[in-house]
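Okay, work-v2.pdb now, which holds PDB, C-alpha atoms:
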```pdb
MODEL        1
ATOM      1  CA  MET R  27      -8.746  -4.976 -29.517
ATOM      2  CA  LYS R  28      -6.566  -8.097 -29.371
ATOM      3  CA  SER R  29      -4.020  -6.644 -31.814
ATOM      4  CA  LEU R  30      -3.832  -3.457 -29.743
ATOM      5  CA  HIS R  31      -3.163  -5.525 -26.608
ATOM      6  CA  GLU R  32      -0.460  -7.514 -28.415
ATOM      7  CA  ARG R  33       1.148  -4.277 -29.576
ATOM      8  CA  ALA R  34       1.179  -2.967 -25.994
ATOM      9  CA  LEU R  35       2.840  -6.194 -24.827
ATOM     10  CA  ARG R  36       5.471  -5.938 -27.548
ATOM     11  CA  LEU R  37       6.260  -2.318 -26.703
ATOM     12  CA  SER R  38       6.436  -3.200 -23.018
ATOM     13  CA  ARG R  39       9.045  -5.887 -23.736
ATOM     14  CA  GLN R  40      11.016  -3.428 -25.868
ATOM     15  CA  HIS R  41      10.888  -0.899 -23.047
ATOM     16  CA  ARG R  42      12.298  -3.451 -20.591
ATOM     17  CA  ARG R  43      15.067  -4.384 -23.045
ATOM     18  CA  LEU R  44      16.014  -0.740 -23.639
ATOM     19  CA  GLU R  45      16.047  -0.158 -19.884
ATOM     20  CA  SER R  46      18.567  -2.965 -19.375
ATOM     21  CA  GLU R  47      20.735  -1.639 -22.211
ATOM     22  CA  LEU R  48      20.662   1.863 -20.721
ATOM     23  CA  VAL R  49      21.746   0.489 -17.349
ATOM     24  CA  ALA R  50      24.718  -1.210 -19.010
ATOM     25  CA  VAL R  51      25.686   1.981 -20.888
ATOM     26  CA  LEU R  52      25.462   4.135 -17.739
ATOM     27  CA  THR R  53      27.636   1.626 -15.890
ATOM     28  CA  GLU R  54      30.308   1.987 -18.571
ATOM     29  CA  ILE R  55      29.983   5.793 -18.724
ATOM     30  CA  GLU R  56      30.553   6.052 -14.977
ATOM     31  CA  SER R  57      33.471   3.634 -15.141
ATOM     32  CA  LEU R  58      35.160   5.759 -17.857
ATOM     33  CA  LYS R  59      34.144   9.056 -16.176
ATOM     34  CA  LEU R  60      32.761  10.100 -19.543
ATOM     35  CA  HIS R  61      30.231  12.450 -17.983
ATOM     36  CA  ARG R  62      33.089  14.541 -16.545
ATOM     37  CA  THR R  63      34.798  14.673 -19.907
ATOM     38  CA  LEU R  64      31.569  16.094 -21.285
ATOM     39  CA  GLY R  65      31.490  18.743 -18.557
ATOM     40  CA  PHE R  66      28.962  17.246 -16.141
ATOM     41  CA  SER R  67      29.827  17.159 -12.445
ATOM     42  CA  SER R  68      27.964  13.916 -11.769
ATOM     43  CA  LEU R  69      26.376  11.008 -13.556
ATOM     44  CA  PHE R  70      23.010  12.150 -12.210
ATOM     45  CA  THR R  71      23.387  15.625 -13.769
ATOM     46  CA  TYR R  72      24.442  14.030 -17.044
ATOM     47  CA  THR R  73      21.464  11.665 -17.063
ATOM     48  CA  VAL R  74      18.978  14.450 -16.382
ATOM     49  CA  SER R  75      20.508  17.266 -18.450
ATOM     50  CA  ALA R  76      22.144  15.477 -21.374
ATOM     51  CA  LEU R  77      19.774  12.490 -21.711
ATOM     52  CA  GLY R  78      16.645  14.438 -20.767
ATOM     53  CA  LEU R  79      15.349  11.850 -18.302
ATOM     54  CA  SER R  80      13.275  12.797 -15.275
ATOM     55  CA  GLU R  81      14.978  12.882 -11.886
ATOM     56  CA  PRO R  82      13.139   9.799 -10.492
ATOM     57  CA  VAL R  83      13.997   7.765 -13.614
ATOM     58  CA  ALA R  84      17.616   8.949 -13.508
ATOM     59  CA  TYR R  85      17.901   8.028  -9.836
ATOM     60  CA  ALA R  86      16.493   4.534 -10.454
ATOM     61  CA  LEU R  87      18.789   3.874 -13.429
ATOM     62  CA  ILE R  88      21.922   5.042 -11.609
ATOM     63  CA  THR R  89      21.062   3.106  -8.451
ATOM     64  CA  VAL R  90      20.677  -0.083 -10.470
ATOM     65  CA  ALA R  91      23.731   0.628 -12.672
ATOM     66  CA  ARG R  92      25.911   0.791  -9.565
ATOM     67  CA  LYS R  93      24.326  -2.231  -7.924
ATOM     68  CA  VAL R  94      24.704  -4.571 -10.914
ATOM     69  CA  LYS R  95      28.475  -4.183 -10.642
ATOM     70  CA  GLU R  96      28.253  -5.812  -7.201
ATOM     71  CA  ILE R  97      25.407  -8.258  -7.748
ATOM     72  CA  GLY R  98      25.571 -10.285 -10.951
ATOM     73  CA  ALA R  99      22.201 -11.895 -10.245
ATOM     74  CA  LEU R 100      20.543  -8.479 -10.425
ATOM     75  CA  ASN R 101      22.007  -7.853 -13.866
ATOM     76  CA  ASP R 102      20.755 -11.264 -15.030
ATOM     77  CA  ALA R 103      17.253 -10.556 -13.686
ATOM     78  CA  ILE R 104      17.057  -7.231 -15.519
ATOM     79  CA  CYS R 105      18.473  -8.568 -18.797
ATOM     80  CA  SER R 106      16.017 -11.471 -18.737
ATOM     81  CA  GLN R 107      13.211  -8.977 -17.939
ATOM     82  CA  LYS R 108      12.370 -10.838 -14.767
ATOM     83  CA  ILE R 109      12.099  -7.524 -12.928
ATOM     84  CA  SER R 110      11.989  -3.935 -14.136
ATOM     85  CA  VAL R 111      14.637  -1.306 -13.409
ATOM     86  CA  SER R 112      12.111   0.501 -11.225
ATOM     87  CA  ARG R 113      11.532  -2.584  -9.080
ATOM     88  CA  ALA R 114      15.275  -3.332  -9.009
ATOM     89  CA  SER R 115      15.972   0.161  -7.669
ATOM     90  CA  ARG R 116      13.533  -0.438  -4.811
ATOM     91  CA  ILE R 117      15.345  -3.546  -3.586
ATOM     92  CA  ALA R 118      18.901  -2.247  -4.143
ATOM     93  CA  ALA R 119      19.297  -0.968  -0.576
ATOM     94  CA  ALA R 120      18.695  -4.428   0.906
ATOM     95  CA  LEU R 121      20.363  -6.501  -1.808
ATOM     96  CA  THR R 122      23.453  -8.514  -0.852
ATOM     97  CA  GLY R 123      25.328 -11.420  -2.378
ATOM     98  CA  GLU R 124      23.706 -13.736   0.152
ATOM     99  CA  ASN R 125      20.061 -12.727  -0.328
ATOM    100  CA  ALA R 126      20.148 -11.674  -4.007
ATOM    101  CA  ASN R 127      18.311 -14.644  -5.548
ATOM    102  CA  GLU R 128      15.701 -14.799  -2.800
ATOM    103  CA  LEU R 129      14.983 -11.045  -2.783
ATOM    104  CA  ILE R 130      14.851 -10.778  -6.580
ATOM    105  CA  GLU R 131      12.375 -13.681  -6.650
ATOM    106  CA  PHE R 132      10.307 -11.927  -3.975
ATOM    107  CA  ALA R 133      10.257  -8.653  -5.925
ATOM    108  CA  ALA R 134       9.238 -10.462  -9.108
ATOM    109  CA  SER R 135       6.255 -12.186  -7.497
ATOM    110  CA  HIS R 136       4.945  -9.568  -5.043
ATOM    111  CA  THR R 137       3.392  -6.128  -5.236
ATOM    112  CA  GLN R 138       5.386  -2.923  -4.917
ATOM    113  CA  ARG R 139       4.036  -2.313  -1.424
ATOM    114  CA  GLU R 140       4.907  -5.831  -0.263
ATOM    115  CA  THR R 141       8.386  -5.454  -1.785
ATOM    116  CA  ASP R 142       8.927  -2.137   0.015
ATOM    117  CA  GLN R 143       7.853  -3.734   3.295
ATOM    118  CA  GLU R 144      10.289  -6.614   2.809
ATOM    119  CA  VAL R 145      13.125  -4.179   2.020
ATOM    120  CA  ALA R 146      12.294  -2.173   5.143
ATOM    121  CA  ARG R 147      12.347  -5.351   7.231
ATOM    122  CA  LEU R 148      15.726  -6.402   5.859
ATOM    123  CA  THR R 149      17.379  -2.996   6.153
ATOM    124  CA  ASN R 150      16.097  -2.555   9.711
ATOM    125  CA  ARG R 151      17.466  -5.985  10.614
ATOM    126  CA  ARG R 152      20.874  -4.930   9.321
ATOM    127  CA  GLY R 153      20.672  -1.740  11.378
ATOM    128  CA  GLU R 154      20.648   0.625   8.424
ATOM    129  CA  ARG R 155      19.029   4.029   8.867
ATOM    130  CA  HIS R 156      16.355   5.333   6.567
ATOM    131  CA  GLU R 157      16.261   8.915   5.327
ATOM    132  CA  ASN R 158      15.330  11.304   8.151
ATOM    133  CA  LEU R 159      11.711  12.392   8.190
ATOM    134  CA  LYS R 160      11.419  16.091   7.400
ATOM    135  CA  VAL R 161       8.618  17.912   9.214
ATOM    136  CA  SER R 162       7.570  21.532   9.635
ATOM    137  CA  VAL R 163       8.400  23.576  12.731
ATOM    138  CA  GLU R 164       4.732  23.440  13.742
ATOM    139  CA  VAL R 165       4.642  19.637  13.583
ATOM    140  CA  LEU R 166       7.933  19.394  15.476
ATOM    141  CA  GLU R 167       6.556  21.588  18.275
ATOM    142  CA  LEU R 168       3.477  19.372  18.558
ATOM    143  CA  LEU R 169       5.680  16.298  18.700
ATOM    144  CA  LYS R 170       7.799  17.832  21.460
ATOM    145  CA  LYS R 171       4.657  18.569  23.477
ATOM    146  CA  ALA R 172       3.578  14.951  23.042
ATOM    147  CA  GLN R 173       7.082  13.896  24.105
ATOM    148  CA  THR R 174       6.746  15.932  27.314
ATOM    149  CA  VAL R 175       3.313  14.458  28.113
ATOM    150  CA  MET R 176       4.521  10.908  27.537
ATOM    151  CA  ALA R 177       7.654  11.436  29.634
ATOM    152  CA  SER R 178       5.434  12.620  32.505
ATOM    153  CA  LYS R 179       3.119   9.620  32.169
ATOM    154  CA  LYS R 180       5.937   7.082  31.947
ATOM    155  CA  MET R 181       8.146   8.803  34.543
ATOM    156  CA  ARG R 182      11.198   8.479  32.288
ATOM    157  CA  GLY R 183      12.848  10.077  29.298
ATOM    158  CA  VAL R 184      11.132   9.553  25.930
ATOM    159  CA  LYS R 185      12.947  10.063  22.625
ATOM    160  CA  LEU R 186      11.258  11.863  19.755
ATOM    161  CA  ASP R 187      10.982   8.732  17.600
ATOM    162  CA  GLU R 188       9.399   6.839  20.504
ATOM    163  CA  ALA R 189       6.970   9.716  21.064
ATOM    164  CA  LEU R 190       6.047   9.691  17.372
ATOM    165  CA  LYS R 191       5.496   5.919  17.467
ATOM    166  CA  LEU R 192       3.250   6.151  20.532
ATOM    167  CA  VAL R 193       1.213   8.996  19.028
ATOM    168  CA  LEU R 194       0.705   7.059  15.804
ATOM    169  CA  GLU R 195      -0.195   3.865  17.673
ATOM    170  CA  GLU R 196      -2.787   5.699  19.749
ATOM    171  CA  PHE R 197      -4.272   7.341  16.661
ATOM    172  CA  LEU R 198      -4.460   4.031  14.779
ATOM    173  CA  ASN R 199      -5.962   2.233  17.768
ATOM    174  CA  ARG R 200      -8.751   4.824  17.875
ATOM    175  CA  HIS R 201      -9.418   5.299  14.165
ATOM    176  CA  GLU R 202      -8.031   2.430  12.034
ATOM    177  CA  PRO R 203     -11.072   0.479  10.721
ATOM    178  CA  VAL R 204      -9.786  -3.048  11.400
ATOM    179  CA  ARG R 205      -8.815  -2.208  14.985
ATOM    180  CA  LYS R 206     -12.183  -0.530  15.545
ATOM    181  CA  ALA R 207     -13.865  -3.660  14.234
ATOM    182  CA  GLU R 208     -11.884  -5.803  16.669
ATOM    183  CA  ARG R 209     -12.906  -3.550  19.567
ATOM    184  CA  ALA R 210     -16.533  -3.867  18.497
ATOM    185  CA  ARG R 211     -16.220  -7.668  18.422
ATOM    186  CA  GLN R 212     -14.697  -7.723  21.902
ATOM    187  CA  ARG R 213     -17.442  -5.411  23.141
ATOM    188  CA  GLU R 214     -20.130  -7.779  21.819
ATOM    189  CA  GLU R 215     -18.475 -10.698  23.582
ATOM    190  CA  LYS R 216     -18.479  -8.764  26.848
ATOM    191  CA  LEU R 217     -22.183  -8.006  26.482
ATOM    192  CA  MET R 218     -23.125 -11.678  26.257
ATOM    193  CA  GLY R 219     -24.502 -12.999  29.530
ATOM    194  CA  ARG R 220     -25.036  -9.580  31.102
ATOM    195  CA  SER R 221     -28.311  -8.160  32.339
ATOM    196  CA  THR R 222     -30.612  -6.099  30.095
ATOM    197  CA  ASP R 223     -29.937  -2.906  32.091
ATOM    198  CA  GLU R 224     -26.162  -3.386  31.810
ATOM    199  CA  ILE R 225     -26.393  -3.988  28.065
ATOM    200  CA  SER R 226     -28.570  -0.899  27.574
ATOM    201  CA  ALA R 227     -26.066   1.222  29.465
ATOM    202  CA  GLU R 228     -23.170  -0.198  27.430
ATOM    203  CA  ILE R 229     -24.958   0.440  24.126
ATOM    204  CA  SER R 230     -25.725   3.976  25.228
ATOM    205  CA  VAL R 231     -22.029   4.645  25.793
ATOM    206  CA  CYS R 232     -21.104   3.026  22.461
ATOM    207  CA  THR R 233     -23.455   5.205  20.453
ATOM    208  CA  GLU R 234     -21.866   8.283  21.979
ATOM    209  CA  THR R 235     -18.296   7.243  21.148
ATOM    210  CA  GLU R 236     -18.824   5.594  17.749
ATOM    211  CA  ALA R 237     -19.581   7.755  14.721
ATOM    212  CA  ARG R 238     -23.230   7.376  13.751
ATOM    213  CA  PRO R 239     -24.092   6.746  10.088
ATOM    214  CA  LYS R 240     -25.359   9.804   8.236
ATOM    215  CA  GLU R 241     -29.032   9.887   7.438
ATOM    216  CA  ASN R 242     -29.777   9.162   3.799
ATOM    217  CA  LYS R 243     -33.317   9.734   2.611
ATOM    218  CA  GLY R 244     -34.836   6.673   1.008
ATOM    219  CA  ARG R 245     -32.270   4.289   2.491
ATOM    220  CA  THR R 246     -31.818   2.570   5.799
ATOM    221  CA  PRO R 247     -28.511   3.748   7.304
ATOM    222  CA  VAL R 248     -25.753   1.154   7.531
ATOM    223  CA  THR R 249     -25.073   0.495  11.191
ATOM    224  CA  ALA R 250     -21.637   0.785  12.760
ATOM    225  CA  ARG R 251     -21.834  -2.925  13.630
ATOM    226  CA  VAL R 252     -22.211  -3.919   9.966
ATOM    227  CA  ARG R 253     -19.366  -1.603   8.936
ATOM    228  CA  HIS R 254     -17.131  -3.160  11.580
ATOM    229  CA  ILE R 255     -17.928  -6.686  10.370
ATOM    230  CA  VAL R 256     -17.206  -5.761   6.741
ATOM    231  CA  ASN R 257     -13.957  -3.981   7.676
ATOM    232  CA  ALA R 258     -12.779  -6.949   9.733
ATOM    233  CA  ARG R 259     -13.637  -9.414   6.959
ATOM    234  CA  ASP R 260     -12.048  -7.390   4.147
ATOM    235  CA  GLN R 261      -9.198  -6.061   6.314
ATOM    236  CA  ALA R 262     -10.075  -2.490   5.287
ATOM    237  CA  ARG R 263      -8.714  -3.025   1.787
ATOM    238  CA  CYS R 264     -10.190  -3.043  -1.713
ATOM    239  CA  THR R 265     -11.331  -6.552  -2.657
ATOM    240  CA  PHE R 266     -11.026  -6.223  -6.450
ATOM    241  CA  VAL R 267      -9.042  -9.103  -7.987
ATOM    242  CA  ASP R 268      -7.596  -8.602 -11.487
ATOM    243  CA  VAL R 269      -7.360 -11.127 -14.305
ATOM    244  CA  ALA R 270      -3.925 -12.230 -13.072
ATOM    245  CA  GLY R 271      -5.405 -13.109  -9.667
ATOM    246  CA  HIS R 272      -3.865 -10.165  -7.817
ATOM    247  CA  ARG R 273      -5.930  -8.350  -5.243
ATOM    248  CA  CYS R 274      -5.975  -4.532  -5.310
ATOM    249  CA  THR R 275      -3.596  -3.114  -2.663
ATOM    250  CA  ASN R 276      -5.502   0.142  -2.154
ATOM    251  CA  ASP R 277      -6.482   0.805   1.460
ATOM    252  CA  ARG R 278      -7.543   4.429   0.946
ATOM    253  CA  TRP R 279     -10.744   6.066  -0.328
ATOM    254  CA  LEU R 280     -12.699   2.905   0.400
ATOM    255  CA  HIS R 281     -16.429   2.423  -0.187
ATOM    256  CA  ALA R 282     -18.829  -0.267   1.006
ATOM    257  CA  HIS R 283     -20.583  -1.454  -2.164
ATOM    258  CA  HIS R 284     -23.885  -3.342  -2.243
ATOM    259  CA  VAL R 285     -23.475  -6.530  -4.301
ATOM    260  CA  ILE R 286     -27.239  -6.598  -4.830
ATOM    261  CA  PRO R 287     -28.348  -2.945  -5.143
ATOM    262  CA  VAL R 288     -30.848  -1.603  -2.629
ATOM    263  CA  SER R 289     -33.105  -0.690  -5.561
ATOM    264  CA  ARG R 290     -33.332  -4.411  -6.372
ATOM    265  CA  GLY R 291     -34.051  -5.534  -2.849
ATOM    266  CA  GLY R 292     -30.475  -5.758  -1.569
ATOM    267  CA  SER R 293     -30.105  -5.678   2.194
ATOM    268  CA  ASN R 294     -27.651  -4.035   4.548
ATOM    269  CA  GLU R 295     -26.420  -7.391   5.781
ATOM    270  CA  PRO R 296     -22.600  -7.775   5.822
ATOM    271  CA  ALA R 297     -22.775 -10.548   3.187
ATOM    272  CA  ASN R 298     -24.242  -8.036   0.712
ATOM    273  CA  PHE R 299     -21.275  -5.680   0.989
ATOM    274  CA  VAL R 300     -17.841  -5.702  -0.609
ATOM    275  CA  THR R 301     -15.111  -3.157   0.040
ATOM    276  CA  LEU R 302     -13.967  -1.272  -3.053
ATOM    277  CA  CYS R 303     -11.624   1.649  -3.602
ATOM    278  CA  SER R 304     -13.134   4.679  -5.358
ATOM    279  CA  PHE R 305     -11.660   3.660  -8.730
ATOM    280  CA  HIS R 306     -13.005   0.117  -8.679
ATOM    281  CA  HIS R 307     -16.289   1.304  -7.179
ATOM    282  CA  ASP R 308     -16.756   3.591 -10.186
ATOM    283  CA  LEU R 309     -15.751   0.719 -12.458
ATOM    284  CA  VAL R 310     -18.296  -1.699 -11.050
ATOM    285  CA  HIS R 311     -21.087   0.813 -11.561
ATOM    286  CA  GLN R 312     -19.959   1.502 -15.117
ATOM    287  CA  LEU R 313     -19.917  -2.213 -15.846
ATOM    288  CA  GLY R 314     -23.204  -2.589 -14.041
ATOM    289  CA  PHE R 315     -25.075  -0.555 -16.636
ATOM    290  CA  ALA R 316     -23.784  -2.656 -19.556
ATOM    291  CA  LEU R 317     -24.233  -5.960 -17.776
ATOM    292  CA  GLU R 318     -27.586  -5.160 -16.165
ATOM    293  CA  GLY R 319     -26.139  -5.134 -12.687
ATOM    294  CA  GLN R 320     -24.393  -8.501 -12.946
ATOM    295  CA  VAL R 321     -20.712  -7.846 -12.304
ATOM    296  CA  ASN R 322     -18.826 -11.079 -12.750
ATOM    297  CA  TRP R 323     -15.471 -10.148 -11.197
ATOM    298  CA  ILE R 324     -16.730  -9.634  -7.651
ATOM    299  CA  ARG R 325     -15.707 -12.619  -5.598
ATOM    300  CA  GLU R 326     -18.140 -15.324  -4.625
ATOM    301  CA  PRO R 327     -18.907 -15.344  -0.870
ATOM    302  CA  SER R 328     -17.040 -18.640  -0.408
ATOM    303  CA  ARG R 329     -13.914 -17.530  -2.291
ATOM    304  CA  ALA R 330     -10.908 -16.646  -0.149
ATOM    305  CA  TYR R 331      -9.160 -13.384  -0.871
ATOM    306  CA  ILE R 332      -5.655 -13.496  -2.333
ATOM    307  CA  GLN R 333      -3.218 -11.898   0.074
TER     308      GLN R 333
ENDMDL
END
```

So that I can check it, write out the structure of this file as structure tokens.
Amino acid sequence: MKSLHERALRLSRQHRRLESELVAVLTEIESLKLHRTLGFSSLFTYTVSALGLSEPVAYALITVARKVKEIGALNDAICSQKISVSRASRIAAALTGENANELIEFAASHTQRETDQEVARLTNRRGERHENLKVSVEVLELLKKAQTVMASKKMRGVKLDEALKLVLEEFLNRHEPVRKAERARQREEKLMGRSTDEISAEISVCTETEARPKENKGRTPVTARVRHIVNARDQARCTFVDVAGHRCTNDRWLHAHHVIPVSRGGSNEPANFVTLCSFHHDLVHQLGFALEGQVNWIREPSRAYIQ
């Protein structure tokens, strides 16, 4: 197993080295216009048709090949295998001579999602426009209706992008797990110090508006309150941490997993739950069989999550 891992590492380093060499070759080909001599209208067509690379790979290589001519630090980072060509292509839009070292360092030490967010922040600050969002006619009509409603409510003109932002904000405020958890916390604070009749009335309203847990024979349903506490604590994100100390970035297809299984006396208290994505939830159960339910990579209750 160790030799197989070492082989994978060696091949990975070779792949990075070949990537950097290919970037250098494409830079020279474009400089000499060699692709036109060979009958290709663009470097992109040449890379896809003549070299047989996929369109996403071709786009990333060409983006980086053009950027390294401007930013020497980017070329150094790729040649030294500090960052991959794929990651370099993601930061190219925001890369300048002034921020090159800082942004390359950021990309090398952060996840792809965090890098994309930083690039978006930088490009927005410089006033650059992102690619226009393409939507169907049906979606556009719905957005225009929302635009009309919002203009009437605000008694002023509302642009389409503002209408889209307001619609998304309203949807997230109603359905995003962390925001729902915060509303539940605020609701509990309001209930403190009120009369029994007032609290009963408030709870009655809450149970109508909050989704009730589905009945599950043989198990006590997990209450909405517990789900809110777990979502707020875990920030509605998978809590798996890999061997390198990086926390999983997945915030979709999430499951609440019992640390101590119900079959072994585990409770529905928030402390007995961890949030896992479907992949890592399957993994923990697979490991659970071999290790008799003791899964050693789930964090200890006192351990802070890595952001």

One-decimal distance in Å that lies between atom CA of R:Pro287 and atom CA of R:Glu214:
28.6 Å

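Evaluated against this file, the PyMOL selection byres ((chain R and resi 126) around 12) yields Lys93, Val94, Glu96, Ile97, Gly98, Ala99, Leu100, Asn101, Asp102, Ala103, Ala114, Ile117, Ala118, Ala119, Ala120, Leu121, Thr122, Gly123, Glu124, Asn125, Asn127, Glu128, Leu129, Ile130, Glu131, Phe132, Ala133 and Val145 of chain R.
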
Would you mind reading off the distance between atom CA of R:Val49 and atom CA of R:Ile88, one decimal, in Å?
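Atom CA of R:Ile88 lies at a distance of 7.3 Å from atom CA of R:Val49.
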
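Across the model, the gap from atom CA of R:Glu140 to atom CA of R:Leu190 is 23.5 Å.
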
Who sits within 9 Å of R:Ala262, all atoms listed in the file, same chain under 5 positions skipped, as JSON, numbers by chain:
{"R": [202, 203, 204, 256, 257, 277, 278, 280, 301]}

Top pick for closest residue to R:Ser293, considering R:Gln173, R:Thr73, R:Ser38, R:Thr246 and counting all atoms listed in the file:
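Checking each of R:Gln173, R:Thr73, R:Ser38, R:Thr246 against R:Ser293, counting all atoms listed in the file, the winner is R:Thr246.
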
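Restricting the calculation to all atoms listed in the file, the smallest distance between R:Arg251 and any of R:Thr53, R:Gln212, R:Thr149, R:Gln138 is found for R:Gln212.
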
Could you check which of R:Glu208, R:Glu54, R:Glu295, R:Asp268 is closest to R:His254, using only C-alpha atoms?
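Of R:Glu208, R:Glu54, R:Glu295, R:Asp268, the one nearest R:His254, counting only C-alpha atoms, is R:Glu208.
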
Would you kindly translate the PyMOL selection byres ((chain R and resi 298) around 9) into the concrete residues it picks from this file, as a PyMOL selection string?
chain R and resi 283-287+292-297+299-300

Expected answer as a PyMOL selection string: all residues with atoms within 10 Å of (-18.1, -3.6, 18.7), all atoms listed in the file
chain R and resi 206-217+229+232+236+250-252+254-255

Report as an MDAnalysis selection string the full result of the PyMOL selection byres ((chain R and resi 84) around 12) when it is applied to this structure.
chainID R and resid 45 48:49 52 68:83 85:91 111:112 115
